[in-house]
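Enquirer: This is the structure I want to talk about, given as structure tokens.
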Amino acid sequence: MEMQKNYNPKDFEDRLYAEWMDKNYFRAEADPSKIPFTIVIPPPNITGQLHLGHALDNTIIDALIRFKRMQGYSALYLPGCDHASIATEVKIVEEMKKEGLTKNDVGRDGFLERAWAWKEKYGGRIVEQMKKMGVSCDWSRLSFTMDEKCSRAVREVFVNLYNKGLIYRGDRIINWCPGCKTALSDAEVEYSEDASFFWHLKYPVKDSDESIIVATTRPETMLGDTAVAVNPKDKRYKNMVGKTLVLPLVGREIPIVADDYVDMKFGSGAVKITPAHDPNDFEVGLRHDLPVIRVMNDDGSMNENAGKYEGLDRFEAREKIVEDLKACGALVKIEPHSHNVGHCYRCKSTVEPIVSKQWFVKMEPLAGPAIDAVARNKIKFTPERFSKIYFNWMEGIKDWCISRQLWWGHRIPVWYCQDCGEVICSKTDPTECPHCHSTNLRQDEDVLDTWFSSALWPFSTLGYPDKTEDFNYFYPTDVLSCGYDIIFFWVARMIFSGIEHTKKVPFRDVLLHGIVRDEQGRKMSKSLGNGIDPLEVIDEYGADSLRFALITGVAPGNDSRYSKGKVEAARNFMNKIWNASRFVLMNAEGVDIPSVLDVKFSPADKWIISKLESCIREVTLNMGKFELGIAAGALYDFLWSDFCDWYIELCKSSLYGDDANKKAATLSVLCFVLKTSLKLLHPFVPFITEEIYQNIPGTEGSIMVSEFPRYNSKYAYKKEAKAFETVMDIIKAVRNMKVQVNCPPAKKVKLFLATPNKRLVSANANAILKLAGASEIAFVESGAEVGEKTLSQVTEGCTVFVPLGELVDIEKERERLSKELERIVGEIRRADGKLQNRGFIDKAPKNLVDAERAKLEKFIEMKAKIERQIEELDA
RNA sequence: GGAGGCAUAGCUCAGUUGGUUAGAGCGCUCGCUUCACAUGCGAGAGGUCGUAGGUUCGAGUCCUACUGUCUCUACCA
């Protein structure tokens, strides 16, 4: 293969992806001879295009999937998209607005037509983007939350829950978004600290001079007040309870009630009660049987109960009401006050708590088993700390409001008989009322919360409620990986849904990652305009670089920052791999390479194989712990430092030498190590590894279906690897000495070595000469034998002497040696101190004590040698 | 109000159950067009691991308090 000088991903990424698709490598079969390994994608919303968060999701999941696939599992990465009810509807409404149209203009059917067209367009785009990332999804199982399969599961689940009494309809306080004109679940409300005011109002007691002062942050709700509450223990108001107040502006008579909910110490100790517009007040209202008066319309304007304020927007009404209260003397005081205000997570409008008839899922019976599953380790969170957050939320969970006043979504499968009022909840569309046989039925207008269908994703996509082959084989899934920001929205709901409907936990591991932030640590957002388009990054640097940049240095659950510098570093690494491979392949050209099993390994070979084995172990171990960042880091170090900087350089003397057999043997090891490390790397950077792998002599087929390397202790070569470091230390020592005395690296020097490892050193003499820039090697017993003054460096296995020659400054050398001596003396002091400590000797593990002793001995020896060098320098 | 995270080199972060001389990338300094790679090579400088205690033979790592910072969650009218 002709390899370009520089890594250019555009030359092969698309081609290889097409090839993988073509060969059907992504397809996971329900193969009983294999163990299944399943991950379902966190389905991206069809609202737009992928961002870096999705890119991270995909990189993590794809790495795990490819790893397991290579290990022989039947690995299924199940892809799909979410219809994102409210988010998509908002987008389509915006789009229609540009044409001057509203939802009502086009009608429900017309609107849904547009929505499906939108889905085709953006869903398709997302799939293309994922392919660019190189993900090995099984596209034959591509799903959509509103496709027939998933919709059937939604229907099944809704009806079952309804029949069990776990879904009910009722008037409750819910979060209402006047912008989207729909109810929201608690999870869909975002709170932010907003500066506002406290308005203190005076409500007069009927037929009396007395009055009571209440404070509010939403004065417009006073129109709906139906009581004022005080604490029953509050002496100040003891004789007021039971009296009647006259509501200013409105003139309505309302009672003073006593309720424990009121905090005596807060404000005036009296609270205006507006059951229709406040969740706490609603509860108080229930306890005291108070009327519920709603004063607002669905769009946030005031309704007919607001009297003269009818038709005004809620914030206009607020101003007007405050003005009028002031005019009639009911406004006592205005106080600046900042408090948390709820906003719609989609359109950011201020959310209004409003009483409304909605559908709810009763959470308490579902939460118990879901808590249990995590508490009993049936599901494990990584990092573990998120289980606390999960418990915290699950234990205090309220009923889930699942109806949305939207059109895009799963329509609630409930019909109302227009004649007898019968409520029909059915898996199939009813044609007549089972009670009165009327055919005059009307389906509930609302659709379901988008997360209702997402909650079923791990099993709806696999065929539930049918016991399909896929369902039986791939369910429960294995790992669920997503950002920690959707634990409540999604993960928790999948857990209770899975347990309730399939009687099994939907997955065994939850792997959470953090948020990808921008270079300054800010969240990426449209309004800040700091979002990064993965496609642009891929276009500039390649998918592998993006993947590697996203995965390096990240620990589970931790936020990370994206920067161009990181992608560049990753791209440089790709280039490094590219060129190392180019080097190996170029040298292998036309050479008959023996099997690595037939090669007698040189010390350098054993060293790199030893390093490779520990790399295999580390990668495998860390993949198992979901520490992908550590696994990737280990590979980076191994390939760049060990393989490129050392082993390839060490090989050059034999590759460029005359011994053809030796050259062939070296190439065999080079190819073996390269091939093995590419396999290790493949889950992270699939394209470059595939492109190179197929060209390495002795490989067959695709790397993505090759076997993942297994650690083999037979090749650990611990002792040999350690011994070989003597050679490396000699090279480092010479380089170091040269730089310190300003000797040009190209200038060849004579080496005199005092070492007990003459055989090892001789065997690697060529490499030492080449890498250290030396002309010859001679063995001596001491520096005195060199016959002239020398530079010297003491290493563990060898003392290296270089004749001073004419270039050198004795003063500088003395300085260097004393600095080294100082360091060694420090080490001796430290080790000695440790060994003087009885506690250490008695309590520390024996091997550590022994190691410390050996170290001390070594340092003492080195100290003596350095002292001798200093003496000789002065002689 | 409750809960959780983070604090390690100039910057961004690793540091696995406490145990070699605390690491990497980027940046910085010096030197290299060495026949895979200047998207590179070699050699360096740079850290009292937020503060104060404690447990331990031994603490970046465990415990307590404090400071700073970020996030989640609840919501007091």
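The chains in the structure tokens are called A, B, ... from first to last as shown; in each chain the residues are counted from 1, and the ligands are counted from 1 in the order shown.
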Starting from chain A, keep only residues with some atom at most 7 Å from an atom of chain B, counting only C-alpha atoms (C1' of nucleotides), and report them as a short mmCIF file (atom, residue, chain, number, x, y, z; two decimals) with N, CA, C and O atoms, in the first residue's frame.
Expert:
data_model
loop_
_atom_site.label_atom_id
_atom_site.label_comp_id
_atom_site.auth_asym_id
_atom_site.auth_seq_id
_atom_site.Cartn_x
_atom_site.Cartn_y
_atom_site.Cartn_z
N ALA A 215 -48.51 38.79 52.41
CA ALA A 215 -47.51 39.19 51.42
C ALA A 215 -47.56 38.22 50.25
O ALA A 215 -47.90 37.05 50.43
N THR A 216 -47.24 38.72 49.08
CA THR A 216 -47.27 37.84 47.91
C THR A 216 -46.21 38.24 46.89
O THR A 216 -45.79 39.40 46.84
N PHE A 266 -42.46 33.46 59.34
CA PHE A 266 -42.21 34.06 58.04
C PHE A 266 -43.20 35.17 57.76
O PHE A 266 -44.42 35.01 57.91
N VAL A 271 -51.13 34.01 55.38
CA VAL A 271 -50.91 33.68 53.98
C VAL A 271 -52.21 33.75 53.21
O VAL A 271 -53.23 33.18 53.63
N GLY A 553 -8.87 11.70 28.88
CA GLY A 553 -8.90 12.56 30.06
C GLY A 553 -10.25 12.70 30.71
O GLY A 553 -10.41 13.49 31.61
N GLY A 565 -7.50 22.59 20.89
CA GLY A 565 -6.21 22.03 21.25
C GLY A 565 -6.29 20.54 21.51
O GLY A 565 -5.38 19.79 21.13
N ARG A 571 -5.44 14.52 16.87
CA ARG A 571 -5.07 14.40 15.46
C ARG A 571 -3.56 14.11 15.34
O ARG A 571 -3.13 13.27 14.53
N ASN A 572 -2.78 14.77 16.16
CA ASN A 572 -1.34 14.50 16.13
C ASN A 572 -1.04 13.05 16.49
O ASN A 572 -0.13 12.44 15.93
N ASN A 575 -1.79 11.01 13.54
CA ASN A 575 -0.70 11.16 12.59
C ASN A 575 0.51 10.32 13.01
O ASN A 575 1.21 9.74 12.18
N LYS A 576 0.71 10.27 14.31
CA LYS A 576 1.84 9.49 14.84
C LYS A 576 1.63 8.00 14.52
O LYS A 576 2.54 7.33 14.04
N ASN A 579 2.14 7.36 10.85
CA ASN A 579 3.52 7.33 10.39
C ASN A 579 4.31 6.15 10.93
O ASN A 579 5.19 5.63 10.25
N ALA A 580 4.00 5.77 12.15
CA ALA A 580 4.67 4.58 12.69
C ALA A 580 4.31 3.39 11.82
O ALA A 580 5.16 2.56 11.47
N ARG A 582 3.29 3.50 8.73
CA ARG A 582 3.92 3.70 7.43
C ARG A 582 5.36 3.18 7.48
O ARG A 582 5.84 2.51 6.56
N PHE A 583 6.03 3.49 8.54
CA PHE A 583 7.41 3.04 8.71
C PHE A 583 7.49 1.52 8.68
O PHE A 583 8.30 0.93 7.96
N ASN A 736 21.61 13.04 27.89
CA ASN A 736 21.52 14.03 28.95
C ASN A 736 22.85 14.78 29.13
O ASN A 736 22.90 16.00 29.20
N VAL A 739 23.59 17.25 26.24
CA VAL A 739 22.84 18.50 26.28
C VAL A 739 23.39 19.42 27.36
O VAL A 739 23.57 20.62 27.15
N ASN A 837 12.01 3.61 61.00
CA ASN A 837 10.72 3.65 61.68
C ASN A 837 10.25 2.23 62.01
O ASN A 837 9.94 1.45 61.13
N ARG A 838 10.20 1.90 63.30
CA ARG A 838 9.80 0.56 63.73
C ARG A 838 8.40 0.20 63.21
O ARG A 838 8.13 -0.91 62.81
N GLY A 839 7.54 1.19 63.28
CA GLY A 839 6.16 0.98 62.84
C GLY A 839 6.11 0.48 61.42
O GLY A 839 5.36 -0.43 61.08
N PHE A 840 6.94 1.08 60.58
CA PHE A 840 6.96 0.69 59.17
C PHE A 840 7.44 -0.75 59.02
O PHE A 840 6.82 -1.56 58.35
N LYS A 843 4.68 -3.12 60.58
CA LYS A 843 3.31 -3.17 60.09
C LYS A 843 3.15 -3.17 58.57
O LYS A 843 2.13 -3.64 58.06
N ALA A 844 4.10 -2.59 57.88
CA ALA A 844 3.94 -2.54 56.42
C ALA A 844 4.15 -3.92 55.84
O ALA A 844 4.85 -4.75 56.41
#
Enquirer: Pick out each residue of segment 351-545 of chain A that DSSP on the backbone tags as helix (DSSP H, G or I); I need them as a short mmCIF file (atom, residue, chain, number, x, y, z; two decimals) with N, CA, C and O atoms, in the first residue's frame.
Expert:
data_model
loop_
_atom_site.label_atom_id
_atom_site.label_comp_id
_atom_site.auth_asym_id
_atom_site.auth_seq_id
_atom_site.Cartn_x
_atom_site.Cartn_y
_atom_site.Cartn_z
N GLU A 364 -46.02 6.21 43.65
CA GLU A 364 -45.56 5.52 44.85
C GLU A 364 -45.39 4.01 44.67
O GLU A 364 -44.35 3.46 45.01
N PRO A 365 -46.36 3.32 44.06
CA PRO A 365 -46.20 1.86 43.91
C PRO A 365 -45.07 1.51 42.93
O PRO A 365 -44.52 0.41 42.99
N LEU A 366 -44.74 2.43 42.04
CA LEU A 366 -43.70 2.14 41.06
C LEU A 366 -42.31 2.45 41.59
O LEU A 366 -41.32 1.81 41.24
N ALA A 367 -42.25 3.47 42.45
CA ALA A 367 -40.95 3.93 42.95
C ALA A 367 -40.30 2.89 43.86
O ALA A 367 -39.08 2.68 43.79
N GLY A 368 -41.10 2.21 44.67
CA GLY A 368 -40.55 1.25 45.63
C GLY A 368 -39.63 0.23 45.00
O GLY A 368 -38.44 0.16 45.33
N PRO A 369 -40.15 -0.56 44.05
CA PRO A 369 -39.30 -1.57 43.41
C PRO A 369 -38.10 -0.96 42.67
O PRO A 369 -37.04 -1.57 42.59
N ALA A 370 -38.30 0.26 42.17
CA ALA A 370 -37.21 0.90 41.42
C ALA A 370 -36.07 1.29 42.36
O ALA A 370 -34.90 1.22 42.00
N ILE A 371 -36.45 1.71 43.55
CA ILE A 371 -35.43 2.04 44.56
C ILE A 371 -34.71 0.76 44.97
O ILE A 371 -33.49 0.70 45.05
N ASP A 372 -35.51 -0.25 45.18
CA ASP A 372 -35.00 -1.54 45.58
C ASP A 372 -33.95 -2.09 44.61
O ASP A 372 -32.92 -2.61 45.02
N ALA A 373 -34.24 -1.97 43.34
CA ALA A 373 -33.35 -2.54 42.32
C ALA A 373 -31.95 -1.95 42.42
O ALA A 373 -30.95 -2.64 42.25
N VAL A 374 -31.90 -0.66 42.70
CA VAL A 374 -30.59 -0.01 42.81
C VAL A 374 -29.96 -0.32 44.17
O VAL A 374 -28.78 -0.62 44.28
N ALA A 375 -30.80 -0.30 45.21
CA ALA A 375 -30.30 -0.56 46.55
C ALA A 375 -29.71 -1.97 46.64
O ALA A 375 -28.73 -2.20 47.33
N PHE A 386 -24.01 8.60 41.94
CA PHE A 386 -25.28 8.98 41.36
C PHE A 386 -26.44 8.15 41.91
O PHE A 386 -27.60 8.54 41.77
N SER A 387 -26.13 7.03 42.55
CA SER A 387 -27.24 6.28 43.14
C SER A 387 -27.85 7.09 44.28
O SER A 387 -29.06 7.04 44.50
N LYS A 388 -27.04 7.88 44.96
CA LYS A 388 -27.57 8.72 46.04
C LYS A 388 -28.55 9.75 45.48
O LYS A 388 -29.60 10.01 46.05
N ILE A 389 -28.13 10.33 44.37
CA ILE A 389 -28.97 11.34 43.73
C ILE A 389 -30.28 10.70 43.27
O ILE A 389 -31.36 11.27 43.42
N TYR A 390 -30.15 9.50 42.77
CA TYR A 390 -31.32 8.74 42.32
C TYR A 390 -32.26 8.45 43.48
O TYR A 390 -33.47 8.69 43.39
N PHE A 391 -31.72 7.97 44.58
CA PHE A 391 -32.55 7.67 45.75
C PHE A 391 -33.27 8.92 46.23
O PHE A 391 -34.46 8.91 46.51
N ASN A 392 -32.50 9.97 46.32
CA ASN A 392 -33.01 11.24 46.79
C ASN A 392 -34.27 11.66 46.02
O ASN A 392 -35.28 12.08 46.57
N TRP A 393 -34.21 11.50 44.71
CA TRP A 393 -35.30 11.92 43.85
C TRP A 393 -36.47 10.93 43.94
O TRP A 393 -37.62 11.32 44.10
N MET A 394 -36.13 9.66 43.86
CA MET A 394 -37.15 8.62 43.86
C MET A 394 -37.95 8.60 45.15
O MET A 394 -39.14 8.33 45.15
N GLU A 395 -37.26 8.87 46.25
CA GLU A 395 -37.93 8.78 47.53
C GLU A 395 -38.93 9.90 47.75
O GLU A 395 -39.90 9.75 48.48
N THR A 450 -43.48 13.17 26.24
CA THR A 450 -42.53 12.48 25.37
C THR A 450 -41.74 11.42 26.13
O THR A 450 -41.37 10.38 25.60
N TRP A 451 -41.50 11.68 27.41
CA TRP A 451 -40.69 10.74 28.20
C TRP A 451 -41.46 9.48 28.57
O TRP A 451 -40.89 8.53 29.05
N PHE A 452 -42.76 9.51 28.34
CA PHE A 452 -43.54 8.30 28.60
C PHE A 452 -43.09 7.20 27.64
O PHE A 452 -42.93 6.04 28.03
N SER A 453 -42.86 7.56 26.39
CA SER A 453 -42.41 6.55 25.43
C SER A 453 -40.91 6.27 25.58
O SER A 453 -40.46 5.14 25.39
N SER A 454 -40.13 7.30 25.92
CA SER A 454 -38.69 7.08 26.11
C SER A 454 -38.46 6.09 27.25
O SER A 454 -37.49 5.33 27.24
N TRP A 457 -38.15 2.61 26.06
CA TRP A 457 -37.18 2.43 24.97
C TRP A 457 -36.39 1.11 25.01
O TRP A 457 -36.26 0.45 23.97
N PRO A 458 -35.86 0.69 26.16
CA PRO A 458 -35.05 -0.53 26.15
C PRO A 458 -35.83 -1.78 25.78
O PRO A 458 -35.25 -2.77 25.37
N PHE A 459 -37.16 -1.75 25.94
CA PHE A 459 -37.91 -2.96 25.57
C PHE A 459 -38.88 -2.72 24.42
O PHE A 459 -39.16 -3.63 23.65
N SER A 460 -39.35 -1.48 24.26
CA SER A 460 -40.25 -1.23 23.13
C SER A 460 -39.51 -1.45 21.82
O SER A 460 -40.07 -1.94 20.85
N GLU A 469 -37.97 -12.87 19.38
CA GLU A 469 -36.64 -13.44 19.49
C GLU A 469 -35.66 -12.38 20.02
O GLU A 469 -34.85 -12.64 20.89
N ASP A 470 -35.77 -11.19 19.48
CA ASP A 470 -34.91 -10.09 19.93
C ASP A 470 -35.10 -9.82 21.41
O ASP A 470 -34.15 -9.66 22.17
N PHE A 471 -36.36 -9.74 21.80
CA PHE A 471 -36.65 -9.42 23.20
C PHE A 471 -36.07 -10.49 24.11
O PHE A 471 -35.41 -10.20 25.10
N ASN A 472 -36.30 -11.73 23.77
CA ASN A 472 -35.81 -12.83 24.60
C ASN A 472 -34.29 -12.86 24.68
O ASN A 472 -33.72 -13.20 25.70
N TYR A 473 -33.67 -12.49 23.58
CA TYR A 473 -32.21 -12.62 23.52
C TYR A 473 -31.48 -11.39 24.07
O TYR A 473 -30.55 -11.50 24.86
N PHE A 474 -31.92 -10.22 23.64
CA PHE A 474 -31.15 -9.01 23.96
C PHE A 474 -31.62 -8.28 25.23
O PHE A 474 -30.95 -7.38 25.71
N TYR A 484 -25.49 12.71 32.86
CA TYR A 484 -26.17 12.68 34.16
C TYR A 484 -27.35 13.64 34.21
O TYR A 484 -28.16 13.60 35.12
N ASP A 485 -27.43 14.53 33.20
CA ASP A 485 -28.51 15.51 33.23
C ASP A 485 -29.88 14.90 32.92
O ASP A 485 -30.90 15.57 33.12
N ILE A 486 -29.91 13.65 32.46
CA ILE A 486 -31.23 13.07 32.20
C ILE A 486 -31.51 11.84 33.06
O ILE A 486 -32.31 10.98 32.71
N ILE A 487 -30.89 11.80 34.23
CA ILE A 487 -31.17 10.70 35.17
C ILE A 487 -32.66 10.66 35.52
O ILE A 487 -33.29 9.61 35.50
N PHE A 488 -33.21 11.84 35.83
CA PHE A 488 -34.61 11.85 36.27
C PHE A 488 -35.57 11.72 35.10
O PHE A 488 -36.54 10.98 35.16
N PHE A 489 -35.29 12.49 34.06
CA PHE A 489 -36.15 12.45 32.89
C PHE A 489 -36.28 11.02 32.35
O PHE A 489 -37.33 10.57 31.98
N TRP A 490 -35.13 10.39 32.28
CA TRP A 490 -35.07 9.17 31.49
C TRP A 490 -34.69 7.91 32.27
O TRP A 490 -35.45 6.95 32.31
N VAL A 491 -33.50 7.92 32.88
CA VAL A 491 -32.99 6.71 33.50
C VAL A 491 -33.94 6.17 34.57
O VAL A 491 -34.33 5.00 34.54
N ALA A 492 -34.35 7.05 35.47
CA ALA A 492 -35.23 6.62 36.55
C ALA A 492 -36.54 6.07 36.00
O ALA A 492 -37.05 5.05 36.47
N ARG A 493 -37.05 6.71 34.97
CA ARG A 493 -38.33 6.27 34.43
C ARG A 493 -38.21 4.96 33.67
O ARG A 493 -39.14 4.15 33.63
N MET A 494 -37.05 4.73 33.05
CA MET A 494 -36.85 3.43 32.40
C MET A 494 -36.78 2.34 33.45
O MET A 494 -37.25 1.22 33.24
N ILE A 495 -36.17 2.67 34.57
CA ILE A 495 -36.01 1.65 35.61
C ILE A 495 -37.37 1.21 36.14
O ILE A 495 -37.69 0.02 36.15
N PHE A 496 -38.22 2.18 36.55
CA PHE A 496 -39.50 1.71 37.10
C PHE A 496 -40.40 1.12 36.03
O PHE A 496 -41.14 0.18 36.28
N SER A 497 -40.28 1.65 34.81
CA SER A 497 -41.11 1.10 33.73
C SER A 497 -40.67 -0.33 33.39
O SER A 497 -41.50 -1.22 33.21
N GLY A 498 -39.38 -0.51 33.29
CA GLY A 498 -38.86 -1.84 32.95
C GLY A 498 -39.31 -2.87 33.97
O GLY A 498 -39.79 -3.95 33.63
N ILE A 499 -39.14 -2.51 35.24
CA ILE A 499 -39.50 -3.46 36.29
C ILE A 499 -41.00 -3.75 36.27
O ILE A 499 -41.43 -4.90 36.34
N GLU A 500 -41.80 -2.70 36.10
CA GLU A 500 -43.25 -2.87 36.13
C GLU A 500 -43.75 -3.71 34.95
O GLU A 500 -44.56 -4.61 35.12
N HIS A 501 -43.23 -3.42 33.77
CA HIS A 501 -43.83 -4.04 32.59
C HIS A 501 -43.15 -5.32 32.13
O HIS A 501 -43.77 -6.16 31.51
N THR A 502 -41.86 -5.45 32.41
CA THR A 502 -41.17 -6.67 31.96
C THR A 502 -40.76 -7.55 33.13
O THR A 502 -40.21 -8.61 32.94
N PRO A 534 -20.21 18.80 15.51
CA PRO A 534 -19.26 17.68 15.35
C PRO A 534 -18.86 17.47 13.88
O PRO A 534 -17.73 17.07 13.61
N LEU A 535 -19.79 17.75 12.99
CA LEU A 535 -19.48 17.52 11.58
C LEU A 535 -18.36 18.42 11.08
O LEU A 535 -17.53 18.01 10.29
N GLU A 536 -18.35 19.65 11.61
CA GLU A 536 -17.27 20.55 11.20
C GLU A 536 -15.94 20.06 11.72
O GLU A 536 -14.92 20.15 11.04
N VAL A 537 -15.95 19.55 12.95
CA VAL A 537 -14.72 19.02 13.53
C VAL A 537 -14.25 17.81 12.72
O VAL A 537 -13.07 17.68 12.38
N ILE A 538 -15.20 16.95 12.38
CA ILE A 538 -14.86 15.77 11.60
C ILE A 538 -14.30 16.18 10.25
O ILE A 538 -13.32 15.61 9.76
N ASP A 539 -14.91 17.17 9.67
CA ASP A 539 -14.45 17.63 8.38
C ASP A 539 -13.00 18.12 8.44
O ASP A 539 -12.21 17.88 7.54
N GLU A 540 -12.67 18.77 9.53
CA GLU A 540 -11.32 19.32 9.63
C GLU A 540 -10.30 18.29 10.13
O GLU A 540 -9.17 18.28 9.66
N TYR A 541 -10.70 17.48 11.09
CA TYR A 541 -9.72 16.60 11.74
C TYR A 541 -9.98 15.11 11.58
O TYR A 541 -9.13 14.30 11.90
N ALA A 543 -13.11 11.85 12.09
CA ALA A 543 -13.95 11.33 13.17
C ALA A 543 -13.10 10.72 14.28
O ALA A 543 -13.40 10.87 15.46
N ASP A 544 -12.04 10.03 13.91
CA ASP A 544 -11.20 9.40 14.93
C ASP A 544 -10.61 10.43 15.89
O ASP A 544 -10.57 10.21 17.09
N SER A 545 -10.15 11.54 15.33
CA SER A 545 -9.57 12.59 16.18
C SER A 545 -10.61 13.13 17.14
O SER A 545 -10.33 13.35 18.32
#
Enquirer: Provide the atom CA of Lys679 of chain A to atom CA of Tyr636 of chain A distance in Å, to one decimal place.
Expert: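 Separation between atom CA of Lys679 of chain A and atom CA of Tyr636 of chain A: 13.4 Å.
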Enquirer: Per DSSP on the backbone, filter segment 119-200 of chain A down to the residues in strand (DSSP E) and report them as a VMD selection string.
Expert: chain A and resid 143 to 144 167 to 177 182 to 184 189 to 200
Enquirer: Write the residues of the preceding selection, restricted to N, CA, C and O atoms, as a short mmCIF file (atom, residue, chain, number, x, y, z; two decimals), in the first residue's frame.
Expert:
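Generated output (out_6.cif):
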data_model
loop_
_atom_site.label_atom_id
_atom_site.label_comp_id
_atom_site.auth_asym_id
_atom_site.auth_seq_id
_atom_site.Cartn_x
_atom_site.Cartn_y
_atom_site.Cartn_z
N SER A 143 -34.94 2.58 15.23
CA SER A 143 -36.27 2.77 15.79
C SER A 143 -36.61 4.24 15.95
O SER A 143 -35.74 5.10 15.86
N PHE A 144 -37.88 4.47 16.18
CA PHE A 144 -38.36 5.82 16.41
C PHE A 144 -39.47 5.72 17.45
O PHE A 144 -40.30 4.80 17.37
N ILE A 167 -52.80 4.70 36.49
CA ILE A 167 -52.97 5.94 35.74
C ILE A 167 -54.35 6.47 36.06
O ILE A 167 -55.33 5.73 36.04
N TYR A 168 -54.42 7.74 36.41
CA TYR A 168 -55.72 8.32 36.73
C TYR A 168 -55.80 9.71 36.13
O TYR A 168 -54.79 10.31 35.75
N ARG A 169 -57.02 10.21 36.05
CA ARG A 169 -57.23 11.55 35.54
C ARG A 169 -57.86 12.38 36.63
O ARG A 169 -58.73 11.89 37.37
N GLY A 170 -57.38 13.59 36.80
CA GLY A 170 -57.97 14.38 37.86
C GLY A 170 -57.56 15.84 37.80
O GLY A 170 -56.65 16.21 37.07
N ASP A 171 -58.28 16.66 38.58
CA ASP A 171 -57.95 18.08 38.70
C ASP A 171 -56.86 18.22 39.74
O ASP A 171 -57.08 17.94 40.91
N ARG A 172 -55.72 18.64 39.30
CA ARG A 172 -54.61 18.83 40.22
C ARG A 172 -53.87 20.09 39.81
O ARG A 172 -54.00 20.56 38.69
N ILE A 173 -53.09 20.57 40.75
CA ILE A 173 -52.19 21.67 40.38
C ILE A 173 -51.07 21.10 39.53
O ILE A 173 -50.41 20.14 39.93
N ILE A 174 -50.91 21.66 38.38
CA ILE A 174 -49.80 21.23 37.52
C ILE A 174 -49.02 22.47 37.07
O ILE A 174 -49.44 23.60 37.28
N ASN A 175 -47.89 22.22 36.47
CA ASN A 175 -47.12 23.34 35.93
C ASN A 175 -47.63 23.61 34.52
O ASN A 175 -47.63 22.73 33.67
N TRP A 176 -48.07 24.82 34.32
CA TRP A 176 -48.63 25.17 33.02
C TRP A 176 -47.70 26.13 32.30
O TRP A 176 -47.28 27.14 32.86
N CYS A 177 -47.38 25.79 31.04
CA CYS A 177 -46.58 26.72 30.25
C CYS A 177 -47.50 27.53 29.34
O CYS A 177 -48.07 26.97 28.40
N THR A 182 -49.40 24.09 27.35
CA THR A 182 -49.54 22.70 27.77
C THR A 182 -49.10 22.53 29.21
O THR A 182 -48.40 23.38 29.76
N ALA A 183 -49.54 21.42 29.78
CA ALA A 183 -49.06 21.05 31.10
C ALA A 183 -47.63 20.54 30.97
O ALA A 183 -47.23 20.06 29.91
N LEU A 184 -46.88 20.65 32.06
CA LEU A 184 -45.52 20.12 32.08
C LEU A 184 -45.38 19.22 33.30
O LEU A 184 -46.10 19.40 34.29
N VAL A 189 -39.67 21.64 34.46
CA VAL A 189 -39.61 23.03 34.91
C VAL A 189 -38.20 23.34 35.39
O VAL A 189 -37.63 22.59 36.17
N GLU A 190 -37.67 24.43 34.90
CA GLU A 190 -36.34 24.86 35.35
C GLU A 190 -36.49 26.09 36.22
O GLU A 190 -37.17 27.04 35.83
N TYR A 191 -35.85 26.08 37.35
CA TYR A 191 -35.97 27.22 38.25
C TYR A 191 -34.76 28.14 38.12
O TYR A 191 -33.64 27.68 37.94
N SER A 192 -35.03 29.42 38.18
CA SER A 192 -33.90 30.35 38.23
C SER A 192 -34.25 31.48 39.18
O SER A 192 -35.41 31.86 39.35
N GLU A 193 -33.22 31.98 39.80
CA GLU A 193 -33.38 33.04 40.79
C GLU A 193 -33.65 34.36 40.06
O GLU A 193 -32.79 34.86 39.34
N ASP A 194 -34.85 34.88 40.20
CA ASP A 194 -35.19 36.13 39.54
C ASP A 194 -35.44 37.24 40.56
O ASP A 194 -36.03 36.99 41.61
N ALA A 195 -35.02 38.43 40.23
CA ALA A 195 -35.26 39.57 41.11
C ALA A 195 -36.72 39.99 40.96
O ALA A 195 -37.22 40.13 39.85
N SER A 196 -37.36 40.16 42.08
CA SER A 196 -38.77 40.56 42.02
C SER A 196 -39.10 41.34 43.29
O SER A 196 -38.20 41.91 43.92
N PHE A 197 -40.37 41.35 43.64
CA PHE A 197 -40.79 42.10 44.83
C PHE A 197 -41.75 41.27 45.68
O PHE A 197 -42.35 40.31 45.21
N PHE A 198 -41.81 41.70 46.91
CA PHE A 198 -42.81 41.20 47.83
C PHE A 198 -43.84 42.30 47.98
O PHE A 198 -43.49 43.41 48.40
N TRP A 199 -45.08 42.01 47.65
CA TRP A 199 -46.10 43.03 47.83
C TRP A 199 -46.88 42.69 49.10
O TRP A 199 -47.44 41.59 49.21
N HIS A 200 -46.87 43.61 50.03
CA HIS A 200 -47.62 43.38 51.27
C HIS A 200 -49.00 44.02 51.14
O HIS A 200 -49.12 45.20 50.86
#
Enquirer: Excluding segment 251-265 of chain A and residues on its chain fewer than 4 positions from it, collect all residues at most 6 Å away from it, counting only C-alpha atoms (C1' of nucleotides), and give them as a list in words.
Expert: Thr226, Ala227, Val228, Ala229, Val230, Asn231, Pro232, Val241, Gly242, Lys243, Thr244, Leu245, Val246, Leu247 and Gly269 of chain A
